[in-house]
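Coordinates from start-v2.txt are shown below (compact mmCIF, C-alpha atoms and all ligand atoms).
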```txt
# COMPACT_ATOMS: atom_id res chain seq x y z
CA MET A 1180 32.98 13.72 -48.65
CA LYS A 1181 32.04 17.35 -48.14
CA GLU A 1182 34.89 19.47 -46.90
CA ILE A 1183 33.77 21.99 -44.30
CA LYS A 1184 37.04 23.70 -43.49
CA LYS A 1185 40.69 23.13 -44.29
CA VAL A 1186 43.98 24.56 -43.08
CA THR A 1187 47.56 23.85 -44.10
CA TRP A 1188 50.64 24.60 -42.03
CA ARG A 1189 54.32 24.02 -42.55
CA SER A 1190 56.28 23.40 -39.37
CA PRO A 1191 60.01 22.78 -39.17
CA SER A 1192 62.22 20.36 -37.30
CA ASN A 1193 64.62 21.72 -34.70
CA ILE A 1194 68.01 20.79 -33.34
CA ALA A 1195 68.54 21.00 -29.59
CA LEU A 1196 71.62 22.82 -28.28
CA VAL A 1197 70.86 21.88 -24.67
CA LYS A 1198 69.09 18.54 -24.81
CA TYR A 1199 65.78 17.41 -23.37
CA TRP A 1200 66.44 13.89 -22.15
CA GLY A 1201 64.33 12.55 -19.29
CA LYS A 1202 60.82 13.37 -18.11
CA LYS A 1203 59.37 14.20 -14.72
CA THR A 1204 56.20 12.51 -13.55
CA GLY A 1205 53.18 14.16 -15.14
CA VAL A 1206 52.22 14.49 -18.76
CA GLN A 1207 55.22 15.28 -20.94
CA ILE A 1208 57.00 17.38 -18.33
CA PRO A 1209 60.71 17.70 -19.08
CA ALA A 1210 63.26 16.84 -16.40
CA ASN A 1211 65.38 19.82 -17.45
CA PRO A 1212 65.09 22.93 -19.62
CA SER A 1213 66.20 22.69 -23.24
CA ILE A 1214 66.89 25.14 -26.06
CA SER A 1215 67.09 24.65 -29.82
CA PHE A 1216 67.68 26.18 -33.19
CA THR A 1217 64.58 26.05 -35.37
CA LEU A 1218 65.46 24.69 -38.82
CA GLU A 1219 64.27 25.99 -42.18
CA ASN A 1220 64.56 23.37 -44.92
CA CYS A 1221 63.54 20.30 -42.89
CA TYR A 1222 59.81 20.60 -42.29
CA SER A 1223 56.48 18.79 -42.31
CA GLU A 1224 53.62 20.22 -44.30
CA THR A 1225 50.25 19.12 -42.98
CA SER A 1226 46.73 19.89 -44.02
CA VAL A 1227 43.74 19.05 -41.88
CA SER A 1228 40.27 19.05 -43.45
CA LEU A 1229 37.09 18.87 -41.44
CA VAL A 1230 34.46 16.70 -43.08
CA GLU A 1231 31.02 15.50 -42.08
CA LYS A 1232 31.15 12.61 -39.63
CA GLU A 1233 30.11 9.29 -41.10
CA GLY A 1234 28.86 7.67 -37.91
CA ASN A 1235 27.05 9.27 -35.01
CA GLY A 1236 29.05 7.55 -32.29
CA SER A 1237 31.60 9.19 -30.04
CA ASP A 1238 34.64 7.75 -31.85
CA ILE A 1239 37.13 10.16 -33.36
CA GLU A 1240 36.92 9.70 -37.14
CA LEU A 1241 40.29 10.14 -38.71
CA ARG A 1242 42.01 9.31 -41.96
CA PHE A 1243 45.70 9.97 -42.29
CA TYR A 1244 47.72 10.04 -45.50
CA PHE A 1245 51.49 10.38 -45.62
CA ASP A 1246 52.92 11.31 -49.02
CA GLY A 1247 49.48 10.67 -50.48
CA LYS A 1248 49.25 7.10 -49.12
CA ALA A 1249 47.11 5.89 -46.23
CA ASN A 1250 49.41 5.22 -43.29
CA MET A 1251 47.96 3.12 -40.46
CA ALA A 1252 50.97 3.26 -38.13
CA PHE A 1253 50.96 7.08 -38.09
CA GLN A 1254 47.17 7.17 -37.99
CA LEU A 1255 47.12 5.15 -34.76
CA LYS A 1256 49.76 7.40 -33.19
CA ILE A 1257 47.78 10.51 -34.09
CA LEU A 1258 44.54 8.95 -32.88
CA LYS A 1259 46.11 8.33 -29.49
CA PHE A 1260 47.32 11.92 -29.36
CA PHE A 1261 43.88 13.25 -30.34
CA GLU A 1262 42.15 11.04 -27.73
CA SER A 1263 44.35 12.65 -25.09
CA ILE A 1264 43.37 16.22 -26.06
CA ARG A 1265 39.78 15.81 -27.27
CA LYS A 1266 38.28 17.54 -24.25
CA ASP A 1267 40.01 20.76 -25.38
CA PHE A 1268 39.07 20.45 -29.06
CA PRO A 1269 35.31 20.05 -29.59
CA LEU A 1270 35.97 19.74 -33.35
CA LEU A 1271 37.44 16.29 -32.73
CA ASN A 1272 33.99 15.12 -31.64
CA GLN A 1273 31.97 17.16 -34.11
CA TYR A 1274 33.71 16.39 -37.39
CA GLY A 1275 35.61 13.75 -39.26
CA LEU A 1276 39.23 14.61 -40.00
CA LEU A 1277 41.12 14.08 -43.20
CA ILE A 1278 44.82 14.68 -42.76
CA HIS A 1279 47.51 14.83 -45.42
CA SER A 1280 51.14 15.22 -44.46
CA THR A 1281 54.51 15.21 -46.19
CA ASN A 1282 58.06 15.81 -45.03
CA SER A 1283 60.60 17.83 -46.98
CA PHE A 1284 63.26 15.33 -45.89
CA PRO A 1285 63.34 11.57 -46.46
CA HIS A 1286 61.83 9.47 -43.68
CA SER A 1287 64.96 7.35 -43.52
CA SER A 1288 67.35 10.27 -43.03
CA GLY A 1289 67.14 9.99 -39.25
CA ILE A 1290 65.97 13.58 -38.88
CA ALA A 1291 63.61 14.04 -35.97
CA SER A 1292 60.27 13.94 -37.73
CA SER A 1293 58.10 13.87 -34.62
CA ALA A 1294 59.00 17.50 -33.84
CA SER A 1295 57.92 18.85 -37.22
CA ALA A 1296 55.00 16.44 -37.62
CA MET A 1297 53.46 16.96 -34.18
CA SER A 1298 53.95 20.73 -34.21
CA ALA A 1299 52.33 21.00 -37.66
CA LEU A 1300 49.41 18.91 -36.49
CA ALA A 1301 48.93 20.83 -33.25
CA ILE A 1302 49.00 24.21 -34.96
CA CYS A 1303 46.44 23.03 -37.55
CA LEU A 1304 44.06 21.94 -34.78
CA CYS A 1305 44.49 25.22 -32.90
CA ASP A 1306 43.85 27.20 -36.08
CA LEU A 1307 40.70 25.24 -36.97
CA GLN A 1308 39.28 25.37 -33.46
CA GLU A 1309 39.91 29.10 -33.31
CA GLN A 1310 38.06 29.62 -36.60
CA LEU A 1311 35.13 27.57 -35.33
CA ASN A 1312 35.07 29.45 -32.01
CA LYS A 1313 35.16 32.73 -33.92
CA LYS A 1314 37.39 34.14 -31.20
CA LYS A 1315 40.89 35.12 -32.22
CA LEU A 1316 43.79 34.88 -29.80
CA SER A 1317 46.72 37.28 -30.06
CA ALA A 1318 49.53 35.94 -32.25
CA ASP A 1319 51.70 35.25 -29.18
CA LYS A 1320 48.96 33.42 -27.31
CA PHE A 1321 48.07 31.40 -30.39
CA LEU A 1322 51.65 30.14 -30.77
CA GLN A 1323 51.88 29.43 -27.07
CA LYS A 1324 48.73 27.35 -27.26
CA ALA A 1325 50.02 25.49 -30.30
CA SER A 1326 53.31 24.85 -28.49
CA TYR A 1327 51.42 23.52 -25.46
CA TYR A 1328 49.56 20.94 -27.57
CA ALA A 1329 52.60 20.15 -29.73
CA ARG A 1330 54.40 19.21 -26.51
CA LEU A 1331 51.69 16.69 -25.69
CA GLY A 1332 52.32 15.08 -29.08
CA SER A 1333 56.11 15.07 -28.71
CA GLY A 1334 58.15 17.09 -26.24
CA SER A 1335 60.65 18.56 -28.68
CA ALA A 1336 57.78 19.59 -30.99
CA ALA A 1337 56.92 22.34 -28.47
CA ARG A 1338 60.04 24.21 -29.62
CA SER A 1339 59.55 23.86 -33.37
CA ILE A 1340 56.99 26.54 -34.06
CA TYR A 1341 59.03 29.59 -33.08
CA PRO A 1342 61.54 31.40 -35.26
CA GLN A 1343 65.28 31.07 -34.65
CA ILE A 1344 65.63 29.84 -31.08
CA ALA A 1345 63.12 28.39 -28.64
CA GLU A 1346 63.42 27.42 -25.00
CA TRP A 1347 61.23 24.87 -23.23
CA GLY A 1348 61.20 23.99 -19.54
CA LYS A 1349 60.89 26.03 -16.36
CA THR A 1350 64.18 27.57 -15.31
CA ASN A 1351 65.29 30.61 -13.34
CA SER A 1352 67.61 31.45 -16.23
CA VAL A 1353 64.76 32.37 -18.58
CA LYS A 1354 61.95 34.73 -17.62
CA GLY A 1355 58.53 33.40 -18.59
CA SER A 1356 59.80 29.85 -19.17
CA SER A 1357 57.41 26.97 -18.62
CA ASP A 1358 57.36 23.18 -18.50
CA GLU A 1359 54.10 23.24 -20.45
CA TYR A 1360 55.10 25.16 -23.55
CA ALA A 1361 58.15 26.57 -25.26
CA ILE A 1362 58.80 30.27 -25.65
CA PRO A 1363 60.68 32.18 -28.35
CA TYR A 1364 64.16 33.25 -27.35
CA THR A 1365 65.13 36.18 -29.54
CA LYS A 1366 65.78 39.07 -27.20
CA ASN A 1367 69.32 38.60 -25.98
CA LEU A 1368 70.60 37.09 -29.17
CA HIS A 1369 73.80 38.12 -30.90
CA PRO A 1370 73.03 38.59 -34.62
CA VAL A 1371 75.61 35.97 -35.66
CA PHE A 1372 73.21 33.25 -34.49
CA GLN A 1373 70.56 34.35 -36.96
CA THR A 1374 73.01 33.33 -39.67
CA TYR A 1375 73.73 29.86 -38.30
CA GLN A 1376 74.02 26.98 -40.73
CA ASN A 1377 73.29 23.35 -39.91
CA SER A 1378 74.73 20.76 -42.27
CA ILE A 1379 73.25 17.38 -41.45
CA LEU A 1380 75.69 14.63 -42.35
CA ILE A 1381 73.96 11.27 -42.66
CA ALA A 1382 76.27 8.71 -41.02
CA SER A 1383 73.60 6.03 -41.18
CA SER A 1384 69.94 5.99 -42.11
CA ALA A 1385 69.20 2.69 -40.34
CA GLU A 1386 66.00 2.55 -38.27
CA LYS A 1387 66.27 4.07 -34.79
CA LYS A 1388 67.44 1.45 -32.27
CA VAL A 1389 65.38 2.95 -29.51
CA SER A 1390 62.38 5.28 -29.55
CA SER A 1391 62.67 8.64 -27.77
CA ARG A 1392 59.89 7.57 -25.43
CA VAL A 1393 61.85 4.54 -24.26
CA GLY A 1394 65.08 6.56 -24.22
CA HIS A 1395 63.57 9.18 -21.91
CA SER A 1396 62.21 6.49 -19.60
CA LEU A 1397 65.68 4.95 -19.19
CA MET A 1398 66.70 8.13 -17.37
CA LYS A 1399 64.47 6.99 -14.48
CA THR A 1400 67.08 4.42 -13.52
CA ASN A 1401 70.20 6.04 -14.92
CA PRO A 1402 72.72 6.48 -12.08
CA PHE A 1403 73.86 9.84 -13.46
CA ALA A 1404 70.40 11.35 -13.91
CA ARG A 1405 70.64 13.86 -11.06
CA THR A 1406 74.05 15.10 -12.14
CA ARG A 1407 72.81 15.36 -15.70
CA TYR A 1408 69.82 17.53 -14.83
CA ALA A 1409 72.07 19.88 -12.85
CA GLN A 1410 74.51 19.99 -15.78
CA ALA A 1411 71.71 20.89 -18.20
CA GLU A 1412 70.65 23.83 -16.00
CA LYS A 1413 74.24 25.04 -15.83
CA ASN A 1414 74.84 24.55 -19.55
CA LEU A 1415 71.67 26.44 -20.40
CA LYS A 1416 72.64 29.34 -18.19
CA GLU A 1417 76.11 29.54 -19.72
CA LEU A 1418 74.85 29.03 -23.26
CA LEU A 1419 72.56 32.03 -22.84
CA VAL A 1420 75.59 34.16 -22.04
CA SER A 1421 77.38 33.01 -25.19
CA LEU A 1422 74.20 33.56 -27.24
CA LYS A 1423 74.18 37.13 -26.03
CA THR A 1424 77.86 37.94 -26.43
CA GLY A 1425 78.46 35.94 -29.60
CA ASP A 1426 81.20 33.87 -27.93
CA LEU A 1427 81.27 31.09 -30.53
CA GLU A 1428 83.98 29.03 -28.78
CA LYS A 1429 82.03 28.89 -25.55
CA PHE A 1430 78.82 28.20 -27.48
CA GLY A 1431 80.48 25.34 -29.38
CA ALA A 1432 82.07 23.79 -26.30
CA ILE A 1433 78.70 23.61 -24.53
CA VAL A 1434 76.88 22.27 -27.58
CA GLU A 1435 79.42 19.47 -28.06
CA GLU A 1436 79.36 18.61 -24.37
CA GLU A 1437 75.57 18.30 -24.60
CA ALA A 1438 75.78 15.98 -27.61
CA MET A 1439 78.40 13.76 -26.00
CA THR A 1440 76.51 13.66 -22.70
CA LEU A 1441 73.29 12.61 -24.44
CA HIS A 1442 75.08 9.68 -26.05
CA ALA A 1443 77.04 8.83 -22.89
CA LEU A 1444 73.74 8.67 -20.98
CA MET A 1445 72.39 6.19 -23.47
CA MET A 1446 75.52 4.09 -23.35
CA CYS A 1447 75.31 3.79 -19.56
CA SER A 1448 71.56 3.18 -19.38
CA THR A 1449 70.20 -0.27 -18.59
CA PRO A 1450 69.74 -1.63 -21.18
CA SER A 1451 72.53 0.23 -22.90
CA PHE A 1452 72.38 1.71 -26.41
CA VAL A 1453 75.16 2.87 -28.68
CA LEU A 1454 73.50 5.24 -31.10
CA MET A 1455 76.61 6.48 -32.88
CA ALA A 1456 77.83 4.68 -35.98
CA PRO A 1457 81.52 4.13 -36.79
CA ALA A 1458 81.26 6.99 -39.31
CA THR A 1459 79.96 9.30 -36.56
CA LEU A 1460 83.18 8.91 -34.58
CA SER A 1461 85.35 9.31 -37.67
CA MET A 1462 83.54 12.52 -38.53
CA ILE A 1463 83.91 13.85 -34.98
CA GLU A 1464 87.67 13.24 -35.13
CA ARG A 1465 87.98 15.02 -38.46
CA ILE A 1466 85.82 17.96 -37.33
CA ARG A 1467 87.92 18.43 -34.20
CA ARG A 1468 91.16 18.21 -36.17
CA PHE A 1469 89.87 20.68 -38.78
CA ARG A 1470 88.84 23.10 -36.03
CA GLU A 1471 92.23 22.90 -34.39
CA GLU A 1472 94.08 23.51 -37.63
CA SER A 1473 91.80 26.13 -39.19
CA LYS A 1474 90.83 27.89 -35.94
CA LEU A 1475 87.33 28.21 -37.42
CA PRO A 1476 84.31 28.03 -35.06
CA VAL A 1477 82.77 24.87 -36.43
CA TYR A 1478 81.17 22.54 -33.90
CA PHE A 1479 78.84 19.57 -34.03
CA THR A 1480 75.83 18.31 -32.19
CA LEU A 1481 73.92 15.02 -32.35
CA ASP A 1482 70.33 13.95 -31.94
CA ALA A 1483 69.47 10.58 -30.43
CA GLY A 1484 70.97 8.98 -33.53
CA PRO A 1485 74.18 8.70 -35.56
CA ASN A 1486 73.96 11.77 -37.78
CA ILE A 1487 76.22 14.78 -37.31
CA HIS A 1488 74.69 18.24 -37.22
CA LEU A 1489 77.49 20.63 -38.07
CA LEU A 1490 76.89 24.17 -36.79
CA TYR A 1491 78.69 27.25 -38.10
CA PRO A 1492 78.03 30.90 -38.94
CA LYS A 1493 77.28 31.82 -42.52
CA LYS A 1494 80.37 33.95 -42.94
CA ILE A 1495 82.59 30.84 -42.91
CA ALA A 1496 80.20 28.65 -44.91
CA LYS A 1497 82.42 28.51 -47.98
CA LYS A 1498 85.42 27.20 -46.06
CA VAL A 1499 83.35 24.75 -44.04
CA LYS A 1500 81.64 23.37 -47.13
CA ALA A 1501 85.02 22.87 -48.79
CA PHE A 1502 86.05 20.85 -45.72
CA ILE A 1503 82.77 18.89 -45.75
CA TYR A 1504 83.20 17.89 -49.39
CA ALA A 1505 86.91 17.12 -48.97
CA GLU A 1506 86.76 15.12 -45.74
CA LEU A 1507 83.25 14.31 -44.52
CA GLU A 1508 81.25 13.50 -47.63
CA GLU A 1509 83.07 10.17 -48.06
CA LEU A 1510 81.99 9.18 -44.55
CA CYS A 1511 78.32 9.94 -45.21
CA GLU A 1512 76.07 7.07 -46.25
CA ASN A 1513 75.98 7.30 -50.04
CA GLY A 1514 77.43 10.79 -49.65
CA ARG A 1515 74.12 11.99 -48.24
CA MET A 1516 73.79 15.29 -46.44
CA ILE A 1517 71.22 18.06 -46.01
CA HIS A 1518 72.25 21.69 -45.75
CA ASP A 1519 69.93 23.54 -43.43
CA LYS A 1520 70.00 26.75 -41.41
CA VAL A 1521 68.25 28.64 -38.66
CA GLY A 1522 64.66 29.18 -39.77
CA LYS A 1523 61.55 31.22 -39.30
CA GLY A 1524 59.22 28.81 -37.49
CA ALA A 1525 55.79 27.51 -38.42
CA LYS A 1526 54.06 29.10 -41.37
CA LYS A 1527 50.49 29.00 -42.61
CA MET A 1528 50.17 27.97 -46.26
CA LYS A 1529 47.60 29.29 -48.70
C1 LIG B 1601 67.39 13.77 -28.19
O1 LIG B 1601 60.70 14.98 -28.25
O2 LIG B 1601 61.34 12.94 -29.56
O3 LIG B 1601 66.00 14.99 -29.67
O4 LIG B 1601 58.64 13.77 -25.96
O5 LIG B 1601 58.94 11.30 -26.04
O6 LIG B 1601 58.25 12.55 -28.12
P1 LIG B 1601 59.02 12.57 -26.80
O7 LIG B 1601 60.56 12.71 -27.20
P2 LIG B 1601 61.27 13.62 -28.25
O8 LIG B 1601 62.76 13.68 -27.63
C2 LIG B 1601 63.75 14.42 -28.23
C3 LIG B 1601 65.05 14.15 -27.62
C4 LIG B 1601 66.25 14.75 -28.31
C5 LIG B 1601 66.70 16.04 -27.62
C6 LIG B 1601 65.87 17.26 -27.87
O9 LIG B 1601 65.31 17.44 -28.96
O10 LIG B 1601 65.86 18.10 -26.95
```
Any chance you could give the structure as structure tokens?
Ligand code: DP6
Amino acid sequence: MKEIKKVTWRSPSNIALVKYWGKKTGVQIPANPSISFTLENCYSETSVSLVEKEGNGSDIELRFYFDGKANMAFQLKILKFFESIRKDFPLLNQYGLLIHSTNSFPHSSGIASSASAMSALAICLCDLQEQLNKKKLSADKFLQKASYYARLGSGSAARSIYPQIAEWGKTNSVKGSSDEYAIPYTKNLHPVFQTYQNSILIASSAEKKVSSRVGHSLMKTNPFARTRYAQAEKNLKELLVSLKTGDLEKFGAIVEEEAMTLHALMMCSTPSFVLMAPATLSMIERIRRFREESKLPVYFTLDAGPNIHLLYPKKIAKKVKAFIYAELEELCENGRMIHDKVGKGAKKMK
């Protein structure tokens, strides 16, 4: 198969501080604004090659390999995504696509892989189409476009491509914010947040009990939905103040409230889901006790799953790691954890 063009991008996962949970009517429009730390060590690396089409029909021709092996389940997901955006990407009709992707983290670790995978894929498509069009966008516009299409693949993916912190969702609290793409949030940022560490403590690597898509849709009938969306707006506004001033206690209190609310919403949805594991609760108790005793600003957040994301500034990393190995490692499944930190966003590979 003759390769016509190829690009490779690495795009990271992210961890939300104010959570996106619930969609408005429309295509992937969030019910509330969200904000996240971009990660560094947890990423997807994806290469997309354009090849000559085999048939001359209008079908999208796609082959997808994950870790070097053909993967039909992912291929179908990607095909659906590409069908939805093909009017904006003539290359999807003109060429066959050969896609290779890998993750830096194990699939079973419960780390949100759709954010890194979909953002890597979207940015590859934008890059290729731009090369074919021979018209270069400014760097800002290029990332905004990639974020727009990443969002259509998976909402949280919109935030993954920017360095450090990204905000997604229209809100009066952030100038230039949009429901359609994320924007970088680096202006009013206290330098301590550039040093933030994220230790991911694997409480359980069991398959997700509920997909994000279904989880979001349960908000449609959740009796607390309205209150939640108002809370998210308020939490975002207040979080921005702590991000500016470097008030780590306020920052941590909001981040933990967001994590607990996300899980509480799932518990009181119909049907109900408990996504924490027994080890999650034990870790939360130990983290809170450690914080009380040590007075160190170490706080946790959670994704829609059982794993703890411990957040702390680099200057206390030594003490926090000593605590992790003394008290939390034994609660991790097979002692598994991943030490990550605030990262630099999507990166083009040679
Ligand atoms: C709990 O982005 O995975 O991680 O848009 O349906 O693909 P879809 O959902 P997804 O939802 C992520 C939810 C979350 C919170 C967050 O990242 O903001």
**Surrounding residues as number ranges by chain, ligand LIG 1601 (chain B), max 7 Å, only C-alpha atoms and all ligand atoms** = A: 1194-1195, 1197-1200, 1207, 1213, 1291, 1293-1294, 1330, 1332-1336, 1391-1392, 1395, 1482-1483
**Request:** For Ala1249 of chain A, list every protein, DNA or RNA residue within 12 Å, evaluated using only C-alpha atoms, and leave out those in the same chain fewer than 3 positions away; present the list as a VMD selection string.
**Result:** chain A and resid 1241 to 1246 1252 to 1255 1277 to 1281
**Message:** With only C-alpha atoms as the counted atoms, please give the residues lying no more than 9 Å from Lys1184 of chain A, apart from itself and same-chain residues fewer than 3 positions off, as a VMD selection string.
**Reply:** chain A and resid 1227 to 1230 1307
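Distance-wise, atom CA of Lys1203 of chain A and atom CA of Ala1411 of chain A end up 14.5 Å apart.
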**Message:** Here is a test: counting all atoms listed in the file, which residue of A:Leu1510, A:Leu1454, A:Val1521, A:Met1445 is nearest to Lys1493 of chain A?
**Reply:** A:Val1521
**Asked** Using only C-alpha atoms, which of A:Ser1383, A:Ser1223, A:Leu1419, A:Lys1520 sits nearest Leu1460 of chain A?
**Response**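 Closest to Leu1460 of chain A, using only C-alpha atoms: A:Ser1383.
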**Message:** Using all atoms listed in the file for the distances, tell me which of A:Ser1226, A:Thr1350, A:Thr1480, A:Ser1326 is nearest to Glu1412 of chain A.
**Reply:**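 Of all the options, A:Thr1350 lies closest to Glu1412 of chain A.
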**Item:** Which of A:Lys1256, A:Met1528, A:Asn1272, A:Trp1188 sits closest to Glu1240 of chain A [using all atoms listed in the file]
**Value:** A:Asn1272
**Item:** Computed interatomic separation between atom CA of Ala1385 of chain A and atom CA of Phe1452 of chain A (Å)
**Value:**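 That distance, rounded to one decimal, is 14.3 Å.
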**Prompt:** From the set A:Leu1271, A:Ile1290, A:Val1389, A:Met1398, which residue has the shortest atom-to-atom contact distance to Cys1305 of chain A, counting only C-alpha atoms?
**Reply:** A:Leu1271
